[in-house]
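> Questions regarding the structure given below will be posed in turn.
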Amino acid sequence: MLTTDGVFFIPEMSADPRVRVFRRNFNGIEGFDGMEVDAYVVITKRYVVVFDTLLRPEDVSIMIQMVEDQLPGRQLLVVNSHADWDHSWGNAYFTGEHAAPIIAHDLCLTRLQSEEAHKELLDYQKRYPVFQNVSLVTPTITFDQHLTIHGGDLTIELLPAPGHHPDHIAAWLPELRLLLAFDAVEKPIPFMENAEAVPSMFATLEHFLALQPKQVLCSHGKSTKVELVEENLSYFREVERRSRDLLQKHRPTQDELEHASEIIHYSFDEVIAGSTVPIDRTFYVWAHDMNVRSLLQWLMKN
Ligand SMILES: [Zn+2]
């Protein structure tokens, strides 16, 4: 493992030398201690493609230094999987002398332009010095349905993968049967934005399995296994099953929805039963409760 200022190159995460995995920790960021996020650099004949820009421009600078020998003769491209802070706040690296096209879904552009995104950045900058050089840089090329990058030796198909957020995309590399799932797949569990996201989350995970990948990388959870997609889908199906059971007997009040996992009798400990890896409980206990609440609200509306 190569170490530079909190960004690590993780060679064991990739089965092909053209796909490089980089990891950054969230140390010191309240509510996320112990968590990490991965970004990727894919080196094709024609392009060097950076997938996600981590937390800040300094992080990208470290990644780029580690692939610098691959840049001559290749165009640099950037892809944002979605607008969340741990995936796009390093975009500012690709301005000025390092300018490069930034590709994302139309809705990622909308999110990065929003008042909400600017407020969130100001808030984080007040609380954590690590974000002082972040500015919101929007994508320069956006798409709605599909976008294919023809790298010469490798093809990269960008496809919508909503559920975690409506702007979320995935990348499918057919020659390697490799899926970059970003936050749509996560260990121990993915996080759904709200009740409206429920059908998209199911459809996205089902679509991933239909692709029949050989390897699936996700942004959080150090996993390369296809089985994780199945586990995530089973988890949501179990949440749905127990939610339907509850709703047959009782329609929860607003107050009860505050303790959603409790009222469907599905504790986070049961969700992760048998898991031996350390898990950041603060975030995932909350995420599980939010997922259950979203599923209950969606079932109650439909
Ligand atoms: Zn994330």
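Letters A, B, ... go to the chains of the structure tokens in the order shown; residues in each chain start at 1; ligands are counted from 1 in the same order.
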If you run DSSP over the backbone, which residues in region 37-82 of chain A end up helix (DSSP H, G or I)? Put them as a list in words.
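Those residues are Pro57, Glu58, Asp59, Val60, Ser61, Ile62, Met63, Ile64, Gln65, Met66, Val67, Glu68, Asp69 and Gln70 of chain A.
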> Based on DSSP run over this structure's backbone, return all residues of region 3-200 of chain A in strand (DSSP E), as JSON, numbers by chain.
{"A": [3, 4, 7, 8, 9, 19, 20, 21, 22, 23, 24, 25, 36, 37, 38, 39, 40, 41, 42, 43, 47, 48, 49, 50, 51, 75, 76, 77, 78, 79, 102, 103, 104, 105, 141, 142, 143, 147, 148, 149, 150, 155, 156, 157, 158, 159, 160, 169, 170, 171, 172, 173, 178, 179, 180, 181, 182]}
> Got a sec: who's within 12 Å of Ile10 (chain A), counting only C-alpha atoms, leaving out chain neighbours fewer than 5 positions off, as number ranges by chain?
A: 1-4, 15, 17, 19-24, 37-41, 63, 66, 222-224
> Could you write out that same residue set with C-alpha atoms as a PDB file, in the first residue's frame?

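Result saved to again_17.pdb:
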ATOM      1  CA  MET A   1       0.000   0.000   0.000  1.00  0.00           C
ATOM      2  CA  LEU A   2       1.371   3.428  -0.991  1.00  0.00           C
ATOM      3  CA  THR A   3       0.610   6.215   1.431  1.00  0.00           C
ATOM      4  CA  THR A   4       0.454   9.917   0.671  1.00  0.00           C
ATOM      5  CA  ALA A  15      -7.801  -7.466 -11.110  1.00  0.00           C
ATOM      6  CA  PRO A  17      -3.594  -2.977 -14.024  1.00  0.00           C
ATOM      7  CA  VAL A  19      -8.043  -0.013 -13.286  1.00  0.00           C
ATOM      8  CA  ARG A  20      -6.494   1.707 -10.269  1.00  0.00           C
ATOM      9  CA  VAL A  21      -8.288   2.134  -6.964  1.00  0.00           C
ATOM     10  CA  PHE A  22      -7.545   5.007  -4.568  1.00  0.00           C
ATOM     11  CA  ARG A  23      -8.911   5.425  -1.054  1.00  0.00           C
ATOM     12  CA  ARG A  24      -9.342   8.397   1.242  1.00  0.00           C
ATOM     13  CA  VAL A  37     -14.331   6.579   0.056  1.00  0.00           C
ATOM     14  CA  ASP A  38     -12.775   5.086  -3.064  1.00  0.00           C
ATOM     15  CA  ALA A  39     -12.098   6.741  -6.404  1.00  0.00           C
ATOM     16  CA  TYR A  40     -10.801   5.103  -9.586  1.00  0.00           C
ATOM     17  CA  VAL A  41      -8.516   5.914 -12.459  1.00  0.00           C
ATOM     18  CA  MET A  63      -4.098  10.587  -7.387  1.00  0.00           C
ATOM     19  CA  MET A  66       0.411   8.471  -8.983  1.00  0.00           C
ATOM     20  CA  LYS A 222     -13.664  -2.286   0.447  1.00  0.00           C
ATOM     21  CA  SER A 223     -15.595  -4.862  -1.576  1.00  0.00           C
ATOM     22  CA  THR A 224     -14.983  -6.294  -5.046  1.00  0.00           C
TER      23      THR A 224
END
> All residues within 9 Å of ligand 1 are required, counting only C-alpha atoms and all ligand atoms; please report them as number ranges by chain.
A: 36-38, 82, 84-87, 182-183, 219-220
> Determine the nearest neighbour of Lys301 (chain A) from the options A:Val198, A:Ala100, A:Val285, A:Val271, counting only C-alpha atoms.
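Ranking A:Val198, A:Ala100, A:Val285, A:Val271 by distance to Lys301 (chain A), first place goes to A:Val198.
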> Check the smallest atom-to-atom distance from each of A:Gln254, A:Ser267, A:Ser294, A:Asn133 to Ala197 (chain A) using only C-alpha atoms, then report the winner.
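The shortest atom-to-atom distance to Ala197 (chain A) comes from A:Ser294.
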> For Ala195 (chain A), which of A:Met13, A:Val292, A:Val137, A:Val7 is the closest residue, counting only C-alpha atoms?
A:Val292
> For a quick check of understanding, using only C-alpha atoms, which of A:Arg74, A:Arg293, A:Arg241, A:Arg56 has the smallest distance to Val42 (chain A)?
A:Arg74
> Would you mind listing what lies within 6 Å of Ala161 (chain A) as a list in words, with only C-alpha atoms counted and same-chain residues fewer than 4 positions away left out?
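Listed by chain and then number, they are His168, Ile169, Ala170 and Thr204 of chain A.
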> Output N, CA and C atoms of each residue in that selection to a file, as an mmCIF file, in the first residue's frame.

data_model
loop_
_atom_site.group_PDB
_atom_site.id
_atom_site.type_symbol
_atom_site.label_atom_id
_atom_site.label_comp_id
_atom_site.auth_asym_id
_atom_site.auth_seq_id
_atom_site.Cartn_x
_atom_site.Cartn_y
_atom_site.Cartn_z
ATOM 1 N N HIS A 168 -27.393 9.775 -9.544
ATOM 2 C CA HIS A 168 -26.344 8.769 -9.415
ATOM 3 C C HIS A 168 -26.202 7.925 -10.697
ATOM 4 N N ILE A 169 -24.964 7.721 -11.132
ATOM 5 C CA ILE A 169 -24.705 6.871 -12.307
ATOM 6 C C ILE A 169 -23.750 5.741 -11.922
ATOM 7 N N ALA A 170 -23.659 4.752 -12.807
ATOM 8 C CA ALA A 170 -22.686 3.672 -12.644
ATOM 9 C C ALA A 170 -21.874 3.582 -13.932
ATOM 10 N N THR A 204 -32.272 -0.454 -9.904
ATOM 11 C CA THR A 204 -30.829 -0.315 -10.131
ATOM 12 C C THR A 204 -30.097 -1.602 -9.746
#
> Restricting the calculation to only C-alpha atoms: of A:Ile149, A:Val277, A:Leu176, A:Met192, which residue gets closest to Trp298 (chain A)?
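Ranking A:Ile149, A:Val277, A:Leu176, A:Met192 by distance to Trp298 (chain A), first place goes to A:Met192.
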> Go through A:Leu109, A:Leu246, A:Val229, A:Val130 and flag the residue nearest Gly28 (chain A), using only C-alpha atoms for the distances.
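When distances to Gly28 (chain A) are compared using only C-alpha atoms, the smallest one comes from A:Val130.
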> At a cut-off of 12 Å, using only C-alpha atoms, what residues contact Thr110 (chain A)? Leave out same-chain residues fewer than 3 positions from it and give the result as a PyMOL selection string.
chain A and resi 82-83+104-107+113-118+136-140+142-143+166-167
> Convert the current residue selection to file output with C-alpha atoms, as a PDB file, in the first residue's frame.

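Output file part.pdb follows:
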ATOM      1  CA  HIS A  82     -23.000  11.938  -8.289  1.00  0.00           C
ATOM      2  CA  ALA A  83     -22.855  15.297  -6.527  1.00  0.00           C
ATOM      3  CA  ALA A 104     -21.895  13.561 -15.165  1.00  0.00           C
ATOM      4  CA  HIS A 105     -25.640  13.093 -15.250  1.00  0.00           C
ATOM      5  CA  ASP A 106     -27.786  16.194 -15.993  1.00  0.00           C
ATOM      6  CA  LEU A 107     -29.131  16.048 -12.445  1.00  0.00           C
ATOM      7  CA  GLN A 113     -25.597  24.428  -8.930  1.00  0.00           C
ATOM      8  CA  SER A 114     -28.163  24.368  -6.131  1.00  0.00           C
ATOM      9  CA  GLU A 115     -28.378  26.720  -3.177  1.00  0.00           C
ATOM     10  CA  GLU A 116     -28.420  23.638  -0.947  1.00  0.00           C
ATOM     11  CA  ALA A 117     -25.012  22.473  -2.223  1.00  0.00           C
ATOM     12  CA  HIS A 118     -23.491  25.903  -1.610  1.00  0.00           C
ATOM     13  CA  LEU A 136     -18.125  23.688  -6.331  1.00  0.00           C
ATOM     14  CA  VAL A 137     -17.108  23.040  -9.928  1.00  0.00           C
ATOM     15  CA  THR A 138     -19.925  21.802 -12.130  1.00  0.00           C
ATOM     16  CA  PRO A 139     -19.703  19.113 -14.828  1.00  0.00           C
ATOM     17  CA  THR A 140     -18.943  20.333 -18.357  1.00  0.00           C
ATOM     18  CA  THR A 142     -23.810  15.975 -19.053  1.00  0.00           C
ATOM     19  CA  PHE A 143     -26.175  13.258 -20.227  1.00  0.00           C
ATOM     20  CA  PRO A 166     -31.498  10.689  -8.582  1.00  0.00           C
ATOM     21  CA  ASP A 167     -28.256  11.942 -10.195  1.00  0.00           C
TER      22      ASP A 167
END
> Residues at most 7 Å from Ala171 (chain A), counting only C-alpha atoms, excluding those fewer than 2 positions away in the same chain, as a ChimeraX atom specification?
/A:156-159,169,173,179-181
> Could you work out how far CA of Arg281 (chain A) lies from CA of His207 (chain A), giving the answer in Å with one decimal?
28.8 Å
> Would you compute the distance between CA of Pro190 (chain A) and CA of Cys218 (chain A)? Give it in Å to one decimal.
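Computed distance, CA of Pro190 (chain A) to CA of Cys218 (chain A), equals 9.9 Å.
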> Counting only C-alpha atoms, which residues of region 188-296 of chain A fall within 12 Å of region 31-34 of chain A, and what is the closest atom pair for each with its distance in Å at one decimal, ordered by chain and rising number, as JSON lines?

{"residue": "A:His220", "atom": "CA", "partner": "A:Gly34", "partner_atom": "CA", "distance": 11.0}
{"residue": "A:Gly221", "atom": "CA", "partner": "A:Gly34", "partner_atom": "CA", "distance": 11.0}
{"residue": "A:Pro278", "atom": "CA", "partner": "A:Gly34", "partner_atom": "CA", "distance": 9.0}
{"residue": "A:Ile279", "atom": "CA", "partner": "A:Gly34", "partner_atom": "CA", "distance": 8.1}
{"residue": "A:Asp280", "atom": "CA", "partner": "A:Gly34", "partner_atom": "CA", "distance": 6.0}
{"residue": "A:Arg281", "atom": "CA", "partner": "A:Phe32", "partner_atom": "CA", "distance": 9.2}
{"residue": "A:Thr282", "atom": "CA", "partner": "A:Gly31", "partner_atom": "CA", "distance": 6.2}
{"residue": "A:Phe283", "atom": "CA", "partner": "A:Gly31", "partner_atom": "CA", "distance": 6.2}
{"residue": "A:Tyr284", "atom": "CA", "partner": "A:Phe32", "partner_atom": "CA", "distance": 9.5}
{"residue": "A:Val285", "atom": "CA", "partner": "A:Gly31", "partner_atom": "CA", "distance": 11.1}
{"residue": "A:Trp286", "atom": "CA", "partner": "A:Gly31", "partner_atom": "CA", "distance": 10.0}
{"residue": "A:Ala287", "atom": "CA", "partner": "A:Gly31", "partner_atom": "CA", "distance": 11.5}
